[in-house]
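As provided, entry_17.cif (mmCIF, N, CA and C atoms) reads as follows.
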```cif
data_structure
#
loop_
_atom_site.label_atom_id
_atom_site.label_comp_id
_atom_site.auth_asym_id
_atom_site.auth_seq_id
_atom_site.Cartn_x
_atom_site.Cartn_y
_atom_site.Cartn_z
N MET A 1 3.61 -6.59 -15.88
CA MET A 1 3.42 -5.44 -15.00
C MET A 1 3.32 -5.94 -13.55
N ALA A 2 3.57 -5.05 -12.62
CA ALA A 2 3.51 -5.36 -11.20
C ALA A 2 2.69 -4.27 -10.50
N PHE A 3 2.33 -4.53 -9.25
CA PHE A 3 1.59 -3.52 -8.50
C PHE A 3 2.07 -3.47 -7.06
N LEU A 4 1.86 -2.29 -6.45
CA LEU A 4 2.08 -2.11 -5.02
C LEU A 4 0.73 -2.28 -4.34
N VAL A 5 0.75 -2.92 -3.20
CA VAL A 5 -0.48 -3.15 -2.45
C VAL A 5 -0.57 -2.10 -1.35
N ASP A 6 -1.67 -1.37 -1.34
CA ASP A 6 -1.93 -0.36 -0.31
C ASP A 6 -2.38 -1.05 0.98
N THR A 7 -2.15 -0.39 2.09
CA THR A 7 -2.52 -0.91 3.40
C THR A 7 -4.00 -1.27 3.47
N SER A 8 -4.85 -0.49 2.80
CA SER A 8 -6.30 -0.72 2.85
C SER A 8 -6.66 -2.12 2.36
N VAL A 9 -5.90 -2.66 1.44
CA VAL A 9 -6.18 -4.01 0.91
C VAL A 9 -5.90 -5.05 1.99
N PHE A 10 -4.80 -4.90 2.72
CA PHE A 10 -4.49 -5.87 3.77
C PHE A 10 -5.48 -5.77 4.93
N ILE A 11 -5.97 -4.58 5.21
CA ILE A 11 -7.02 -4.44 6.22
C ILE A 11 -8.25 -5.23 5.77
N GLY A 12 -8.61 -5.10 4.49
CA GLY A 12 -9.75 -5.85 3.95
C GLY A 12 -9.53 -7.34 3.98
N ILE A 13 -8.33 -7.78 3.66
CA ILE A 13 -8.01 -9.21 3.68
C ILE A 13 -8.15 -9.75 5.11
N GLU A 14 -7.56 -9.04 6.06
CA GLU A 14 -7.63 -9.50 7.45
C GLU A 14 -9.06 -9.50 7.97
N ARG A 15 -9.82 -8.45 7.69
CA ARG A 15 -11.21 -8.36 8.18
C ARG A 15 -12.09 -9.45 7.59
N ARG A 16 -11.76 -9.91 6.41
CA ARG A 16 -12.54 -10.98 5.76
C ARG A 16 -12.06 -12.37 6.16
N GLY A 17 -11.09 -12.45 7.06
CA GLY A 17 -10.59 -13.73 7.52
C GLY A 17 -9.73 -14.45 6.49
N LEU A 18 -9.21 -13.70 5.53
CA LEU A 18 -8.35 -14.27 4.50
C LEU A 18 -6.89 -14.22 4.95
N GLN A 19 -6.03 -14.81 4.17
CA GLN A 19 -4.60 -14.82 4.43
C GLN A 19 -3.88 -13.99 3.36
N PRO A 20 -2.66 -13.53 3.64
CA PRO A 20 -1.92 -12.75 2.64
C PRO A 20 -1.80 -13.46 1.29
N GLU A 21 -1.70 -14.78 1.31
CA GLU A 21 -1.60 -15.53 0.06
C GLU A 21 -2.88 -15.45 -0.78
N ASP A 22 -4.00 -15.06 -0.17
CA ASP A 22 -5.26 -14.91 -0.89
C ASP A 22 -5.28 -13.68 -1.78
N LEU A 23 -4.24 -12.88 -1.72
CA LEU A 23 -4.13 -11.71 -2.59
C LEU A 23 -4.31 -12.12 -4.05
N ASP A 24 -3.86 -13.31 -4.42
CA ASP A 24 -4.00 -13.80 -5.79
C ASP A 24 -5.45 -13.90 -6.23
N ARG A 25 -6.36 -14.11 -5.28
CA ARG A 25 -7.79 -14.26 -5.62
C ARG A 25 -8.48 -12.94 -5.87
N ILE A 26 -7.94 -11.84 -5.35
CA ILE A 26 -8.64 -10.55 -5.44
C ILE A 26 -7.91 -9.53 -6.30
N ALA A 27 -6.79 -9.93 -6.89
CA ALA A 27 -5.95 -8.99 -7.64
C ALA A 27 -5.59 -9.58 -8.99
N PRO A 28 -5.16 -8.72 -9.91
CA PRO A 28 -4.72 -9.23 -11.21
C PRO A 28 -3.51 -10.15 -11.05
N PRO A 29 -3.31 -11.03 -12.00
CA PRO A 29 -2.17 -11.96 -11.91
C PRO A 29 -0.86 -11.25 -12.24
N GLN A 30 -0.42 -10.43 -11.31
CA GLN A 30 0.81 -9.67 -11.47
C GLN A 30 1.65 -9.83 -10.20
N GLU A 31 2.91 -9.45 -10.31
CA GLU A 31 3.79 -9.48 -9.15
C GLU A 31 3.41 -8.37 -8.18
N ALA A 32 3.33 -8.70 -6.90
CA ALA A 32 2.95 -7.73 -5.87
C ALA A 32 4.16 -7.32 -5.05
N SER A 33 4.18 -6.06 -4.63
CA SER A 33 5.20 -5.51 -3.74
C SER A 33 4.53 -4.57 -2.76
N LEU A 34 5.29 -4.14 -1.77
CA LEU A 34 4.84 -3.14 -0.80
C LEU A 34 5.78 -1.96 -0.84
N ALA A 35 5.25 -0.78 -0.61
CA ALA A 35 6.09 0.38 -0.32
C ALA A 35 6.54 0.25 1.13
N SER A 36 7.70 0.78 1.45
CA SER A 36 8.19 0.69 2.82
C SER A 36 7.23 1.34 3.81
N ILE A 37 6.55 2.40 3.40
CA ILE A 37 5.60 3.06 4.31
C ILE A 37 4.41 2.15 4.59
N THR A 38 4.04 1.29 3.65
CA THR A 38 2.96 0.33 3.89
C THR A 38 3.38 -0.67 4.95
N ALA A 39 4.61 -1.15 4.88
CA ALA A 39 5.12 -2.04 5.92
C ALA A 39 5.03 -1.35 7.28
N SER A 40 5.42 -0.09 7.33
CA SER A 40 5.36 0.66 8.58
C SER A 40 3.93 0.79 9.08
N GLU A 41 3.00 1.12 8.19
CA GLU A 41 1.59 1.25 8.59
C GLU A 41 1.05 -0.06 9.16
N LEU A 42 1.41 -1.17 8.53
CA LEU A 42 0.95 -2.47 9.03
C LEU A 42 1.52 -2.76 10.41
N ILE A 43 2.79 -2.44 10.63
CA ILE A 43 3.43 -2.68 11.93
C ILE A 43 2.85 -1.76 13.00
N VAL A 44 2.55 -0.51 12.65
CA VAL A 44 1.88 0.40 13.59
C VAL A 44 0.55 -0.22 14.03
N GLY A 45 -0.16 -0.82 13.09
CA GLY A 45 -1.43 -1.48 13.43
C GLY A 45 -1.26 -2.57 14.47
N VAL A 46 -0.14 -3.28 14.41
CA VAL A 46 0.14 -4.30 15.42
C VAL A 46 0.32 -3.64 16.78
N TYR A 47 1.15 -2.60 16.84
CA TYR A 47 1.42 -1.94 18.12
C TYR A 47 0.17 -1.33 18.75
N ARG A 48 -0.76 -0.93 17.92
CA ARG A 48 -1.97 -0.27 18.43
C ARG A 48 -3.09 -1.24 18.80
N THR A 49 -2.92 -2.50 18.50
CA THR A 49 -3.98 -3.48 18.72
C THR A 49 -4.01 -3.97 20.16
N THR A 50 -5.20 -4.05 20.72
CA THR A 50 -5.44 -4.67 22.02
C THR A 50 -6.67 -5.55 21.86
N PRO A 51 -6.89 -6.50 22.65
CA PRO A 51 -6.03 -7.05 23.69
C PRO A 51 -4.87 -7.86 23.11
N GLU A 52 -4.06 -8.42 23.99
CA GLU A 52 -2.83 -9.08 23.58
C GLU A 52 -3.05 -10.23 22.60
N ASN A 53 -4.09 -11.04 22.82
CA ASN A 53 -4.32 -12.18 21.92
C ASN A 53 -4.65 -11.70 20.50
N ARG A 54 -5.38 -10.62 20.41
CA ARG A 54 -5.68 -10.04 19.08
C ARG A 54 -4.41 -9.45 18.46
N ARG A 55 -3.61 -8.78 19.28
CA ARG A 55 -2.34 -8.22 18.81
C ARG A 55 -1.44 -9.33 18.26
N ASN A 56 -1.39 -10.46 18.96
CA ASN A 56 -0.56 -11.58 18.52
C ASN A 56 -1.03 -12.13 17.17
N ARG A 57 -2.35 -12.24 16.98
CA ARG A 57 -2.88 -12.70 15.69
C ARG A 57 -2.53 -11.71 14.58
N ARG A 58 -2.69 -10.42 14.87
CA ARG A 58 -2.37 -9.39 13.87
C ARG A 58 -0.88 -9.40 13.56
N ALA A 59 -0.05 -9.55 14.57
CA ALA A 59 1.40 -9.60 14.36
C ALA A 59 1.77 -10.76 13.45
N ALA A 60 1.15 -11.91 13.67
CA ALA A 60 1.43 -13.08 12.83
C ALA A 60 0.99 -12.81 11.39
N PHE A 61 -0.16 -12.17 11.22
CA PHE A 61 -0.66 -11.83 9.88
C PHE A 61 0.32 -10.88 9.18
N VAL A 62 0.73 -9.83 9.88
CA VAL A 62 1.63 -8.83 9.29
C VAL A 62 2.98 -9.47 8.97
N GLU A 63 3.51 -10.27 9.85
CA GLU A 63 4.79 -10.92 9.57
C GLU A 63 4.69 -11.84 8.37
N ARG A 64 3.54 -12.48 8.20
CA ARG A 64 3.34 -13.33 7.01
C ARG A 64 3.33 -12.46 5.75
N VAL A 65 2.66 -11.31 5.79
CA VAL A 65 2.67 -10.38 4.66
C VAL A 65 4.11 -10.02 4.32
N LEU A 66 4.89 -9.65 5.33
CA LEU A 66 6.27 -9.20 5.11
C LEU A 66 7.18 -10.34 4.65
N ASP A 67 6.80 -11.58 4.96
CA ASP A 67 7.57 -12.73 4.51
C ASP A 67 7.33 -13.05 3.03
N VAL A 68 6.10 -12.82 2.56
CA VAL A 68 5.75 -13.28 1.22
C VAL A 68 5.73 -12.18 0.16
N ILE A 69 5.75 -10.93 0.58
CA ILE A 69 5.67 -9.82 -0.39
C ILE A 69 6.88 -8.91 -0.19
N PRO A 70 7.65 -8.70 -1.25
CA PRO A 70 8.84 -7.84 -1.12
C PRO A 70 8.48 -6.39 -0.84
N VAL A 71 9.36 -5.72 -0.08
CA VAL A 71 9.18 -4.32 0.28
C VAL A 71 10.17 -3.48 -0.51
N LEU A 72 9.64 -2.45 -1.19
CA LEU A 72 10.48 -1.54 -1.97
C LEU A 72 10.87 -0.34 -1.11
N PRO A 73 12.11 0.12 -1.21
CA PRO A 73 12.58 1.20 -0.33
C PRO A 73 12.10 2.58 -0.74
N LEU A 74 12.12 3.47 0.25
CA LEU A 74 11.91 4.89 0.01
C LEU A 74 13.32 5.47 -0.18
N ASP A 75 13.77 5.51 -1.42
CA ASP A 75 15.11 6.02 -1.71
C ASP A 75 15.01 7.46 -2.24
N LEU A 76 16.14 8.01 -2.64
CA LEU A 76 16.16 9.40 -3.09
C LEU A 76 15.29 9.63 -4.31
N GLN A 77 15.25 8.68 -5.23
CA GLN A 77 14.42 8.84 -6.42
C GLN A 77 12.93 8.90 -6.02
N VAL A 78 12.52 8.06 -5.10
CA VAL A 78 11.14 8.08 -4.61
C VAL A 78 10.88 9.39 -3.86
N ALA A 79 11.83 9.83 -3.05
CA ALA A 79 11.67 11.09 -2.32
C ALA A 79 11.47 12.26 -3.26
N ARG A 80 12.22 12.29 -4.35
CA ARG A 80 12.06 13.38 -5.32
C ARG A 80 10.69 13.32 -6.00
N ALA A 81 10.26 12.13 -6.37
CA ALA A 81 8.94 11.98 -7.00
C ALA A 81 7.84 12.38 -6.02
N HIS A 82 7.99 11.98 -4.76
CA HIS A 82 7.03 12.35 -3.72
C HIS A 82 6.94 13.87 -3.57
N ALA A 83 8.09 14.54 -3.53
CA ALA A 83 8.11 16.00 -3.37
C ALA A 83 7.43 16.69 -4.55
N ARG A 84 7.71 16.20 -5.76
CA ARG A 84 7.10 16.81 -6.96
C ARG A 84 5.58 16.62 -6.93
N MET A 85 5.12 15.40 -6.63
CA MET A 85 3.68 15.13 -6.59
C MET A 85 3.00 15.94 -5.49
N THR A 86 3.63 16.03 -4.34
CA THR A 86 3.06 16.80 -3.24
C THR A 86 2.86 18.25 -3.65
N ALA A 87 3.89 18.85 -4.22
CA ALA A 87 3.80 20.25 -4.65
C ALA A 87 2.73 20.43 -5.73
N ASP A 88 2.68 19.51 -6.69
CA ASP A 88 1.69 19.61 -7.77
C ASP A 88 0.26 19.51 -7.23
N LEU A 89 0.02 18.55 -6.37
CA LEU A 89 -1.34 18.38 -5.83
C LEU A 89 -1.72 19.52 -4.89
N MET A 90 -0.77 20.03 -4.13
CA MET A 90 -1.06 21.18 -3.26
C MET A 90 -1.40 22.40 -4.10
N ALA A 91 -0.72 22.58 -5.20
CA ALA A 91 -0.97 23.75 -6.06
C ALA A 91 -2.37 23.72 -6.66
N THR A 92 -2.91 22.53 -6.85
CA THR A 92 -4.26 22.42 -7.42
C THR A 92 -5.34 22.22 -6.36
N GLY A 93 -4.93 22.22 -5.09
CA GLY A 93 -5.89 22.05 -4.00
C GLY A 93 -6.46 20.64 -3.91
N THR A 94 -5.72 19.66 -4.42
CA THR A 94 -6.21 18.27 -4.42
C THR A 94 -5.27 17.34 -3.67
N ALA A 95 -4.59 17.85 -2.67
CA ALA A 95 -3.60 17.05 -1.93
C ALA A 95 -4.25 15.83 -1.29
N ILE A 96 -3.44 14.77 -1.17
CA ILE A 96 -3.85 13.56 -0.46
C ILE A 96 -2.83 13.31 0.65
N GLY A 97 -3.05 12.31 1.44
CA GLY A 97 -2.17 12.04 2.58
C GLY A 97 -0.73 11.75 2.17
N ALA A 98 0.19 12.13 3.05
CA ALA A 98 1.61 11.95 2.77
C ALA A 98 1.97 10.48 2.55
N HIS A 99 1.37 9.58 3.32
CA HIS A 99 1.69 8.17 3.15
C HIS A 99 1.19 7.66 1.79
N ASP A 100 -0.01 8.07 1.40
CA ASP A 100 -0.51 7.67 0.09
C ASP A 100 0.38 8.22 -1.02
N LEU A 101 0.90 9.41 -0.84
CA LEU A 101 1.80 9.97 -1.85
C LEU A 101 3.13 9.22 -1.90
N ILE A 102 3.60 8.74 -0.78
CA ILE A 102 4.82 7.93 -0.78
C ILE A 102 4.56 6.62 -1.53
N ILE A 103 3.41 6.02 -1.29
CA ILE A 103 3.05 4.79 -2.01
C ILE A 103 2.97 5.08 -3.51
N ALA A 104 2.31 6.17 -3.89
CA ALA A 104 2.19 6.52 -5.30
C ALA A 104 3.55 6.79 -5.92
N ALA A 105 4.41 7.51 -5.22
CA ALA A 105 5.75 7.81 -5.74
C ALA A 105 6.56 6.52 -5.89
N THR A 106 6.46 5.63 -4.92
CA THR A 106 7.17 4.35 -5.01
C THR A 106 6.68 3.56 -6.21
N ALA A 107 5.38 3.57 -6.43
CA ALA A 107 4.81 2.85 -7.57
C ALA A 107 5.31 3.44 -8.89
N LEU A 108 5.21 4.73 -9.04
CA LEU A 108 5.61 5.36 -10.30
C LEU A 108 7.10 5.17 -10.59
N VAL A 109 7.93 5.36 -9.59
CA VAL A 109 9.38 5.22 -9.78
C VAL A 109 9.74 3.80 -10.20
N ASN A 110 9.01 2.82 -9.67
CA ASN A 110 9.31 1.42 -9.96
C ASN A 110 8.48 0.83 -11.09
N GLY A 111 7.68 1.67 -11.75
CA GLY A 111 6.87 1.20 -12.87
C GLY A 111 5.75 0.26 -12.46
N HIS A 112 5.16 0.49 -11.29
CA HIS A 112 4.09 -0.36 -10.76
C HIS A 112 2.75 0.38 -10.80
N ASP A 113 1.67 -0.40 -10.80
CA ASP A 113 0.33 0.11 -10.54
C ASP A 113 0.14 0.10 -9.03
N VAL A 114 -1.02 0.58 -8.55
CA VAL A 114 -1.35 0.52 -7.13
C VAL A 114 -2.67 -0.22 -6.98
N LEU A 115 -2.69 -1.21 -6.09
CA LEU A 115 -3.92 -1.93 -5.74
C LEU A 115 -4.41 -1.35 -4.42
N THR A 116 -5.62 -0.79 -4.42
CA THR A 116 -6.11 -0.09 -3.24
C THR A 116 -7.62 -0.20 -3.12
N ASP A 117 -8.10 -0.10 -1.90
CA ASP A 117 -9.53 0.05 -1.64
C ASP A 117 -9.89 1.54 -1.55
N ASN A 118 -8.95 2.41 -1.87
CA ASN A 118 -9.15 3.85 -1.81
C ASN A 118 -8.79 4.48 -3.16
N PRO A 119 -9.49 4.11 -4.23
CA PRO A 119 -9.11 4.63 -5.55
C PRO A 119 -9.33 6.13 -5.72
N ARG A 120 -10.21 6.71 -4.93
CA ARG A 120 -10.50 8.15 -5.07
C ARG A 120 -9.25 8.99 -4.83
N HIS A 121 -8.49 8.67 -3.79
CA HIS A 121 -7.28 9.44 -3.51
C HIS A 121 -6.19 9.18 -4.54
N PHE A 122 -5.91 7.91 -4.76
CA PHE A 122 -4.82 7.57 -5.68
C PHE A 122 -5.11 8.01 -7.10
N GLY A 123 -6.38 8.10 -7.45
CA GLY A 123 -6.77 8.54 -8.79
C GLY A 123 -6.38 9.99 -9.09
N ARG A 124 -6.03 10.75 -8.08
CA ARG A 124 -5.60 12.14 -8.28
C ARG A 124 -4.16 12.25 -8.78
N VAL A 125 -3.42 11.15 -8.72
CA VAL A 125 -2.00 11.19 -9.08
C VAL A 125 -1.85 10.92 -10.58
N LEU A 126 -1.38 11.92 -11.28
CA LEU A 126 -1.23 11.85 -12.73
C LEU A 126 -0.29 10.72 -13.12
N GLY A 127 -0.74 9.88 -14.03
CA GLY A 127 0.09 8.82 -14.57
C GLY A 127 0.06 7.51 -13.79
N LEU A 128 -0.61 7.50 -12.64
CA LEU A 128 -0.67 6.31 -11.80
C LEU A 128 -1.85 5.44 -12.21
N VAL A 129 -1.62 4.17 -12.47
CA VAL A 129 -2.69 3.22 -12.75
C VAL A 129 -3.17 2.67 -11.42
N VAL A 130 -4.48 2.79 -11.18
CA VAL A 130 -5.07 2.38 -9.92
C VAL A 130 -5.95 1.16 -10.15
N LEU A 131 -5.68 0.11 -9.40
CA LEU A 131 -6.44 -1.13 -9.46
C LEU A 131 -7.24 -1.29 -8.17
N VAL A 132 -8.39 -1.93 -8.26
CA VAL A 132 -9.25 -2.16 -7.09
C VAL A 132 -9.43 -3.67 -6.92
N PRO A 133 -9.35 -4.17 -5.67
CA PRO A 133 -9.54 -5.60 -5.46
C PRO A 133 -10.94 -6.06 -5.88
N THR A 134 -11.04 -7.30 -6.27
CA THR A 134 -12.34 -7.89 -6.61
C THR A 134 -12.81 -8.72 -5.43
N TRP A 135 -13.39 -8.03 -4.47
CA TRP A 135 -13.86 -8.73 -3.26
C TRP A 135 -15.05 -9.56 -3.66
#
```
The structure given in the file should be rewritten as structure tokens.
Amino acid sequence: MAFLVDTSVFIGIERRGLQPEDLDRIAPPQEASLASITASELIVGVYRTTPENRRNRRAAFVERVLDVIPVLPLDLQVARAHARMTADLMATGTAIGAHDLIIAATALVNGHDVLTDNPRHFGRVLGLVVLVPTW
């Protein structure tokens, strides 16, 4: 089995002074991937960081993540799964953020679990296996 890593996990890794390769210490021994929206969220974090020296450190961290962990695309199959999940959760009044739904759709379409520090939201998605890091 494999899992997608949510942005919240990389925020936790960086805040703890760990490196992307330390993912092996806090996650099950499975293959890790990223949803394309997670890559975007990480890059947005670089652009929003000040001062410049901190931005440079964050950029190096994010580029290392993108070098060592494959990114899965948001293709038509993922878009359809995202639309279905969005409609289902809205109908029950339990909607979660659009980015989290893209991550969940990417995971389900690719047969992956999700590793997140935000299990409450992802737990609302029917059929999704949610993993939590062992900090």
Within 8 Å of region 107-119 of chain A: each region 17-57 of chain A residue with its shortest pair, only N, CA and C atoms, as a tab-separated table:
```
residue	atom	partner	partner_atom	distance
A:Ala27	CA	A:Leu115	CA	7.6
A:Leu34	C	A:Ala107	N	7.9
A:Ala35	CA	A:Ala107	N	6.9
```
Determine the residue membership of the PyMOL selection byres ((chain A and resi 38) around 8) for the file above and supply it as a PDB file with N, CA and C atoms, in the frame of the given file.
```pdb
ATOM      1  N   VAL A   5       0.750  -2.920  -3.200  1.00  0.00           N
ATOM      2  CA  VAL A   5      -0.480  -3.150  -2.450  1.00  0.00           C
ATOM      3  C   VAL A   5      -0.570  -2.100  -1.350  1.00  0.00           C
ATOM      4  N   ASP A   6      -1.670  -1.370  -1.340  1.00  0.00           N
ATOM      5  CA  ASP A   6      -1.930  -0.360  -0.310  1.00  0.00           C
ATOM      6  C   ASP A   6      -2.380  -1.050   0.980  1.00  0.00           C
ATOM      7  N   THR A   7      -2.150  -0.390   2.090  1.00  0.00           N
ATOM      8  CA  THR A   7      -2.520  -0.910   3.400  1.00  0.00           C
ATOM      9  C   THR A   7      -4.000  -1.270   3.470  1.00  0.00           C
ATOM     10  N   SER A   8      -4.850  -0.490   2.800  1.00  0.00           N
ATOM     11  CA  SER A   8      -6.300  -0.720   2.850  1.00  0.00           C
ATOM     12  C   SER A   8      -6.660  -2.120   2.360  1.00  0.00           C
ATOM     13  N   LEU A  34       5.290  -4.140  -1.770  1.00  0.00           N
ATOM     14  CA  LEU A  34       4.840  -3.140  -0.800  1.00  0.00           C
ATOM     15  C   LEU A  34       5.780  -1.960  -0.840  1.00  0.00           C
ATOM     16  N   ALA A  35       5.250  -0.780  -0.610  1.00  0.00           N
ATOM     17  CA  ALA A  35       6.090   0.380  -0.320  1.00  0.00           C
ATOM     18  C   ALA A  35       6.540   0.250   1.130  1.00  0.00           C
ATOM     19  N   SER A  36       7.700   0.780   1.450  1.00  0.00           N
ATOM     20  CA  SER A  36       8.190   0.690   2.820  1.00  0.00           C
ATOM     21  C   SER A  36       7.230   1.340   3.810  1.00  0.00           C
ATOM     22  N   ILE A  37       6.550   2.400   3.400  1.00  0.00           N
ATOM     23  CA  ILE A  37       5.600   3.060   4.310  1.00  0.00           C
ATOM     24  C   ILE A  37       4.410   2.150   4.590  1.00  0.00           C
ATOM     25  N   ALA A  39       4.610  -1.150   4.880  1.00  0.00           N
ATOM     26  CA  ALA A  39       5.120  -2.040   5.920  1.00  0.00           C
ATOM     27  C   ALA A  39       5.030  -1.350   7.280  1.00  0.00           C
ATOM     28  N   SER A  40       5.420  -0.090   7.330  1.00  0.00           N
ATOM     29  CA  SER A  40       5.360   0.660   8.580  1.00  0.00           C
ATOM     30  C   SER A  40       3.930   0.790   9.080  1.00  0.00           C
ATOM     31  N   GLU A  41       3.000   1.120   8.190  1.00  0.00           N
ATOM     32  CA  GLU A  41       1.590   1.250   8.590  1.00  0.00           C
ATOM     33  C   GLU A  41       1.050  -0.060   9.160  1.00  0.00           C
ATOM     34  N   LEU A  42       1.410  -1.170   8.530  1.00  0.00           N
ATOM     35  CA  LEU A  42       0.950  -2.470   9.030  1.00  0.00           C
ATOM     36  C   LEU A  42       1.520  -2.760  10.410  1.00  0.00           C
ATOM     37  N   ILE A  43       2.790  -2.440  10.630  1.00  0.00           N
ATOM     38  CA  ILE A  43       3.430  -2.680  11.930  1.00  0.00           C
ATOM     39  C   ILE A  43       2.850  -1.760  13.000  1.00  0.00           C
ATOM     40  N   VAL A  44       2.550  -0.510  12.650  1.00  0.00           N
ATOM     41  CA  VAL A  44       1.880   0.400  13.590  1.00  0.00           C
ATOM     42  C   VAL A  44       0.550  -0.220  14.030  1.00  0.00           C
ATOM     43  N   HIS A  99       1.370   9.580   3.320  1.00  0.00           N
ATOM     44  CA  HIS A  99       1.690   8.170   3.150  1.00  0.00           C
ATOM     45  C   HIS A  99       1.190   7.660   1.790  1.00  0.00           C
ATOM     46  N   ILE A 102       3.600   8.740  -0.780  1.00  0.00           N
ATOM     47  CA  ILE A 102       4.820   7.930  -0.780  1.00  0.00           C
ATOM     48  C   ILE A 102       4.560   6.620  -1.530  1.00  0.00           C
ATOM     49  N   ILE A 103       3.410   6.020  -1.290  1.00  0.00           N
ATOM     50  CA  ILE A 103       3.050   4.790  -2.010  1.00  0.00           C
ATOM     51  C   ILE A 103       2.970   5.080  -3.510  1.00  0.00           C
TER      52      ILE A 103
END
```
(request) Spell out the residues picked by the PyMOL selection byres (((chain A and resi 48-62 and name CA) around 10) and name CA) here, as a list in words. (result) Phe10, Ile13, Glu14, Leu18, Gln19, Pro20, Ala39, Leu42, Ile43, Val44, Gly45, Val46, Tyr47, Glu63, Arg64, Val65, Leu66 and Asp67 of chain A
(request) Taking the DSSP assignment computed from this structure's backbone, write out as number ranges by chain all residues of chain A that belong to alpha helix (DSSP H). (result) A: 7-15, 23-26, 36-48, 52-68, 76-91, 98-109, 119-122
(message) What does the structure give for the distance between atom C of Met1 (chain A) and atom N of Glu31 (chain A), in Å to one decimal?
(response) 4.8 Å
(request) Kindly indicate which residue among A:Thr106, A:Ile11, A:Met90, A:Leu128 lies nearest to Leu76 (chain A), using only C-alpha atoms for the distances. (result)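 Once distances to Leu76 (chain A) are computed over only C-alpha atoms, the minimum belongs to A:Thr106.
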(message) Env of Ala105 (chain A): 8 Å cut, atoms = only C-alpha atoms, seq-sep filter 6 positions within chain, self excluded. Answer as a PyMOL selection string.
(response) chain A and resi 78-79+81-82+85
(message) For the strand (DSSP E or B) assignment from backbone DSSP, which residues of chain A qualify? Please present them as an NGL selection string.
(response) :A and (2-5 or 31-35 or 71-72 or 112-115 or 130-131)
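Atom N of Val130 (chain A) lies 10.2 Å from CA of Leu4 (chain A).
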(message) Here is a test: counting only C-alpha atoms, which residue of A:Thr134, A:Pro28, A:Glu21, A:Val125 is nearest to Thr92 (chain A)?
(response)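 Going through A:Thr134, A:Pro28, A:Glu21, A:Val125 one by one, the smallest distance to Thr92 (chain A) is for A:Val125.
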(request) Would you mind reading off the distance between CA of Val68 (chain A) and atom N of Phe122 (chain A), one decimal, in Å? (result)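 Taking CA of Val68 (chain A) and atom N of Phe122 (chain A), their separation equals 24.9 Å.
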(message) Ranking A:Arg25, A:Arg124, A:Ser33, A:Ile69 by minimum distance to Thr86 (chain A) and counting only C-alpha atoms, which one comes first?
(response)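 Ranked by minimum distance to Thr86 (chain A), first place goes to A:Arg124.
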To test the calculation: enclose all listed atoms of region 114-130 of chain A in a box whose edges run along x, y and z, add 4 Å on each side, then state centre and edge lengths in Å to one decimal, as lines of an AutoDock Vina configuration file.
```
center_x = -5.2
center_y = 5.2
center_z = -8.1
size_x = 18.6
size_y = 22.2
size_z = 21.0
```
(request) Could you check which of A:Gln30, A:Phe3, A:Val71, A:Ala83 is closest to Leu101 (chain A), using all atoms listed in the file? (result) A:Ala83
